[in-house]
Amino acid sequence: MAAAPAGDCRGGVSLCLATAGSVKALALSAFTLVWTHSIAKLDWQEDWRVTPAGLELVQARVKGTGPGMEPPPEARLVGGWFQWRPNRAPMPEVVLGNSGAAGEWRLCHDGSCRTLSEIVGHPIGANVTKMSICEQQEK
């Protein structure tokens, strides 16, 4: 991922990741969050938009079904993935837990994916990561 530092976005919003004693700002308006289910070992993906109203979940996909991974009734099978559009308001914050049993959360943008540890520059371990918008001040 080649996201520029958030400071390059004058007056806009960026994605802030707060974890393991650090905060990282990424100048992006959309991203995909990916993780692997700890038991079923199947990938789950969510497409998000970073908006002034908060983080907006646009679409979710799961590669199969398993415990706690049942797609909702409106999901449709497309290219081997169950896909659906969640109907929820933008959220000011999204909290990501990490059990360590299935690898790390991965954030994808512009065709490239990186773990949260790679993005913040040090191992996150089992620490919680909070995603939120970070509003930039005019310079």
# chains A, B, ... in the order shown; residues from 1 in each chain; ligands from 1
$ select_by_dssp --residues "segment 10-127 of chain A" --states "strand (DSSP E)" --output "PyMOL selection string"
chain A and resi 13-19+22-27+30-36+43-51+54-62+76-78+81-84+93-96+106-109+112-115
$ residues_around --residues "segment 19-25 of chain A" --least-positions-apart "3" --cutoff "7 Å" --atoms "only C-alpha atoms" --output "ChimeraX atom specification"
/A:5-6,14-16,120,124,127-130
$ write_last_selection --atoms "C-alpha atoms" --output "CSV table (one decimal), in the first residue's frame"
chain,number,residue,atom,x,y,z
A,5,PRO,CA,0.7,10.5,5.3
A,6,ALA,CA,-2.5,12.1,6.5
A,14,SER,CA,-8.2,10.4,6.7
A,15,LEU,CA,-8.2,7.0,8.3
A,16,CYS,CA,-6.6,6.8,11.8
A,120,VAL,CA,2.2,1.0,12.1
A,124,ILE,CA,0.6,-5.2,17.3
A,127,ASN,CA,-3.6,-5.4,21.2
A,128,VAL,CA,-6.9,-3.9,20.1
A,129,THR,CA,-6.8,-1.5,17.1
A,130,LYS,CA,-9.3,1.4,16.8
$ residues_around --residues "Ser132 of chain A" --least-positions-apart "4" --cutoff "8 Å" --atoms "only C-alpha atoms" --output "PyMOL selection string"
chain A and resi 15-17+54-55+92-94
$ write_last_selection --atoms "N, CA and C atoms" --output "CSV table (one decimal), in the first residue's frame"
chain,number,residue,atom,x,y,z
A,15,LEU,N,-8.0,8.1,7.4
A,15,LEU,CA,-8.2,7.0,8.3
A,15,LEU,C,-7.1,7.0,9.4
A,16,CYS,N,-7.5,6.9,10.7
A,16,CYS,CA,-6.6,6.8,11.8
A,16,CYS,C,-6.7,5.4,12.4
A,17,LEU,N,-5.5,4.9,12.6
A,17,LEU,CA,-5.4,3.6,13.3
A,17,LEU,C,-4.7,3.8,14.6
A,54,GLY,N,-18.1,9.6,9.3
A,54,GLY,CA,-17.5,8.4,10.0
A,54,GLY,C,-17.1,7.3,9.0
A,55,LEU,N,-16.9,6.2,9.5
A,55,LEU,CA,-16.5,5.0,8.6
A,55,LEU,C,-17.8,4.3,8.2
A,92,PRO,N,-18.4,6.3,14.1
A,92,PRO,CA,-17.3,7.2,14.4
A,92,PRO,C,-16.0,6.4,14.7
A,93,GLU,N,-16.2,5.1,15.1
A,93,GLU,CA,-15.0,4.3,15.5
A,93,GLU,C,-15.4,2.8,15.2
A,94,VAL,N,-14.4,2.0,14.8
A,94,VAL,CA,-14.5,0.6,14.7
A,94,VAL,C,-13.4,-0.1,15.4
$ select_by_dssp --residues "chain A" --states "helix (DSSP H, G or I)" --output "number ranges by chain"
A: 6-8, 116-120
$ residues_around --residues "Val34 of chain A" --least-positions-apart "5" --cutoff "8 Å" --atoms "only C-alpha atoms" --output "compact mmCIF listing (two decimals) with N, CA and C atoms, in the first residue's frame"
# COMPACT_ATOMS: atom_id res chain seq x y z
N ASP A 43 -11.52 -16.53 4.32
CA ASP A 43 -11.37 -15.08 4.32
C ASP A 43 -12.71 -14.36 4.37
N TRP A 44 -12.69 -13.24 5.05
CA TRP A 44 -13.81 -12.32 5.14
C TRP A 44 -13.25 -10.97 4.69
N GLN A 45 -14.02 -10.23 3.90
CA GLN A 45 -13.59 -8.92 3.41
C GLN A 45 -14.70 -7.91 3.59
N GLU A 46 -14.31 -6.70 3.93
CA GLU A 46 -15.27 -5.60 4.04
C GLU A 46 -14.70 -4.39 3.32
N TRP A 105 -5.21 -8.71 10.99
CA TRP A 105 -6.06 -7.94 10.08
C TRP A 105 -5.16 -7.41 8.97
N ARG A 106 -5.72 -7.34 7.76
CA ARG A 106 -4.99 -6.77 6.63
C ARG A 106 -5.81 -5.63 6.05
N LEU A 107 -5.14 -4.56 5.71
CA LEU A 107 -5.80 -3.41 5.11
C LEU A 107 -5.32 -3.31 3.67
N CYS A 108 -6.27 -3.26 2.73
CA CYS A 108 -5.94 -3.24 1.30
C CYS A 108 -6.40 -1.92 0.70
$ atom_distance --atom1 "atom CA of Ala60 of chain A" --atom2 "atom CA of Trp84 of chain A"
5.6 Å
$ residues_around --residues "Arg49 of chain A" --least-positions-apart "2" --cutoff "9 Å" --atoms "only C-alpha atoms" --output "number ranges by chain"
A: 28-32, 47, 51, 54-58, 90
$ atom_distance --atom1 "atom CA of Gly80 of chain A" --atom2 "atom CA of Val95 of chain A"
28.0 Å
